[in-house]
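This report refers to the structure that appears directly beneath it.
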Amino acid sequence: MVKLRLKRCGKKQRAVYRIVAIDVRSRREGRDLRRVGFYDPIKNQTYLNIPVILYFLEKGAQPTGTVQDISKKAGVFMELCPNQQTKFN
């Protein structure tokens with residue numbers, strides 16, 4: 001099973017995160033299948049590759065809670081079909 005989750009990068013006390021598609025059995029810093037975005041909580045910056053995120057969601061990937069909240073703010077789930085949108089709300 002594939003999940004969309006955060007992968008920690010950056011320095012000590014200056015964490016930034018990559019949003020990656022990764023196998024469930026991999027650890028947090030494990031090898032990812034594909035990088036799909038970037039999140040900096042200190043500067044509150046987000047970059048999302050929306051077509052790739054939609055591709056993984058359509059193939060059955062499950063976002064973690066934090067990735068789901070970041071994606072909702074960016075409006076990723078508005079682009080899914082209306083019948084799938086209720087699943088992520």
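Simple scheme: letters A, B, ... for chains in structure tokens order, numbers from 1 for residues in each chain, numbers from 1 for ligands in the order shown.
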Q: Could you please write out, as an MDAnalysis selection string, every residue of chain A that DSSP assigns to strand (DSSP E or B)?
A: chainID A and resid 2:11 14:23 34:40 45:48 62:63
Q: Using DSSP on the backbone coordinates, identify the residues of chain A assigned to helix (DSSP H, G or I); present them as number ranges by chain.
A: A: 50-58, 65-74, 76-79, 82-88
Write to file, as a tab-separated table (two decimals), in the first residue's frame, the residues of the selection just made, with C-alpha atoms.
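And here is the file that came out, result.tsv:
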```tsv
chain	number	residue	atom	x	y	z
A	50	ILE	CA	-1.26	18.50	-7.97
A	51	PRO	CA	-1.45	16.25	-11.09
A	52	VAL	CA	0.92	13.73	-9.49
A	53	ILE	CA	-0.97	13.83	-6.17
A	54	LEU	CA	-4.25	13.21	-7.99
A	55	TYR	CA	-2.65	10.32	-9.88
A	56	PHE	CA	-1.59	8.60	-6.65
A	57	LEU	CA	-4.96	9.26	-4.98
A	58	GLU	CA	-6.78	7.72	-7.94
A	65	GLY	CA	-3.60	13.39	8.43
A	66	THR	CA	-1.11	16.20	8.02
A	67	VAL	CA	-0.75	15.74	4.27
A	68	GLN	CA	-4.53	15.63	3.98
A	69	ASP	CA	-4.85	18.96	5.83
A	70	ILE	CA	-2.16	20.58	3.64
A	71	SER	CA	-3.86	19.27	0.50
A	72	LYS	CA	-7.29	20.52	1.62
A	73	LYS	CA	-5.92	24.04	2.09
A	74	ALA	CA	-4.48	23.91	-1.43
A	76	VAL	CA	-6.45	19.35	-4.19
A	77	PHE	CA	-9.60	17.43	-3.25
A	78	MET	CA	-11.83	19.86	-5.16
A	79	GLU	CA	-10.41	18.44	-8.39
A	82	PRO	CA	-17.62	14.55	-6.28
A	83	ASN	CA	-18.26	10.97	-5.16
A	84	GLN	CA	-14.62	10.58	-4.03
A	85	GLN	CA	-14.48	14.01	-2.41
A	86	THR	CA	-16.67	13.01	0.54
A	87	LYS	CA	-14.21	10.25	1.40
A	88	PHE	CA	-11.48	12.77	2.29
```
Q: Please identify all polymer residues within 12 Å of Gln45 in chain A, counting only C-alpha atoms, omitting same-chain residues fewer than 2 positions from it, and present them as a list in words.
A: Val16, Tyr17, Arg18, Gly37, Phe38, Tyr39, Asp40, Pro41, Ile42, Lys43, Tyr47, Leu48, Ile70, Lys73 and Ala74 of chain A
Residues near range 31-34 of chain A, cut-off 8 Å, only C-alpha atoms, skip fewer than 3 positions along chain, as a PDB file with all heavy atoms, in the first residue's frame:
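Below you can see around_34.pdb, which holds the result:
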```
ATOM      1  N   VAL A  20       5.939  13.035   0.035  1.00  0.00           N
ATOM      2  CA  VAL A  20       6.362  11.955  -0.845  1.00  0.00           C
ATOM      3  C   VAL A  20       5.306  10.856  -0.892  1.00  0.00           C
ATOM      4  O   VAL A  20       4.525  10.678   0.036  1.00  0.00           O
ATOM      5  CB  VAL A  20       7.707  11.345  -0.388  1.00  0.00           C
ATOM      6  CG1 VAL A  20       8.821  12.349  -0.494  1.00  0.00           C
ATOM      7  CG2 VAL A  20       7.622  10.783   1.007  1.00  0.00           C
ATOM      8  N   ALA A  21       5.307  10.125  -1.994  1.00  0.00           N
ATOM      9  CA  ALA A  21       4.557   8.879  -2.094  1.00  0.00           C
ATOM     10  C   ALA A  21       5.538   7.783  -1.716  1.00  0.00           C
ATOM     11  O   ALA A  21       6.617   7.670  -2.297  1.00  0.00           O
ATOM     12  CB  ALA A  21       4.042   8.676  -3.510  1.00  0.00           C
ATOM     13  N   ILE A  22       5.177   7.000  -0.696  1.00  0.00           N
ATOM     14  CA  ILE A  22       6.110   6.028  -0.130  1.00  0.00           C
ATOM     15  C   ILE A  22       5.345   4.776   0.280  1.00  0.00           C
ATOM     16  O   ILE A  22       4.158   4.845   0.606  1.00  0.00           O
ATOM     17  CB  ILE A  22       6.873   6.665   1.058  1.00  0.00           C
ATOM     18  CG1 ILE A  22       8.070   5.855   1.473  1.00  0.00           C
ATOM     19  CG2 ILE A  22       5.952   6.928   2.213  1.00  0.00           C
ATOM     20  CD1 ILE A  22       9.017   6.596   2.393  1.00  0.00           C
ATOM     21  N   ASP A  23       6.029   3.646   0.244  1.00  0.00           N
ATOM     22  CA  ASP A  23       5.420   2.395   0.668  1.00  0.00           C
ATOM     23  C   ASP A  23       5.191   2.439   2.179  1.00  0.00           C
ATOM     24  O   ASP A  23       5.992   3.010   2.922  1.00  0.00           O
ATOM     25  CB  ASP A  23       6.331   1.225   0.306  1.00  0.00           C
ATOM     26  CG  ASP A  23       5.692  -0.116   0.566  1.00  0.00           C
ATOM     27  OD1 ASP A  23       4.480  -0.249   0.299  1.00  0.00           O
ATOM     28  OD2 ASP A  23       6.396  -1.027   1.037  1.00  0.00           O
ATOM     29  N   SER A  26       7.979   1.343   4.669  1.00  0.00           N
ATOM     30  CA  SER A  26       9.233   2.090   4.741  1.00  0.00           C
ATOM     31  C   SER A  26       9.235   3.019   5.939  1.00  0.00           C
ATOM     32  O   SER A  26       8.198   3.508   6.368  1.00  0.00           O
ATOM     33  CB  SER A  26       9.437   2.916   3.474  1.00  0.00           C
ATOM     34  OG  SER A  26       9.546   2.102   2.357  1.00  0.00           O
TER      35      SER A  26
END
```
Hey, what's within 6 Å of range 59-63 of chain A if we count only C-alpha atoms and toss same-chain stuff fewer than 5 positions away? As a short mmCIF file (atom, residue, chain, number, x, y, z; two decimals) with C-alpha atoms, in the first residue's frame, please?
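Done, and the output landed in out-v4.cif:
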```cif
data_model
loop_
_atom_site.label_atom_id
_atom_site.label_comp_id
_atom_site.auth_asym_id
_atom_site.auth_seq_id
_atom_site.Cartn_x
_atom_site.Cartn_y
_atom_site.Cartn_z
CA VAL A 2 1.20 3.50 -0.84
CA LYS A 3 0.82 6.52 1.43
CA LEU A 4 1.36 10.22 0.88
CA GLN A 68 -4.53 15.63 3.98
#
```
**Q.** Interatomic distance (Å, one decimal) between CA of Gly10 in chain A and CA of Val36 in chain A
**A.**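 Pair CA of Gly10 in chain A / CA of Val36 in chain A returns 17.3 Å.
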(Q) Can you measure CA of Leu6 in chain A to CA of Ile19 in chain A for me? One decimal in Å is fine. (A)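 Atom-to-atom, CA of Leu6 in chain A to CA of Ile19 in chain A, that is 4.7 Å.
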**Q.** Distance criterion (only C-alpha atoms): nearest to Thr64 in chain A out of A:Gly30, A:Arg14, A:Val24, A:Arg35
**A.**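 Checking each of A:Gly30, A:Arg14, A:Val24, A:Arg35 against Thr64 in chain A, counting only C-alpha atoms, the winner is A:Val24.
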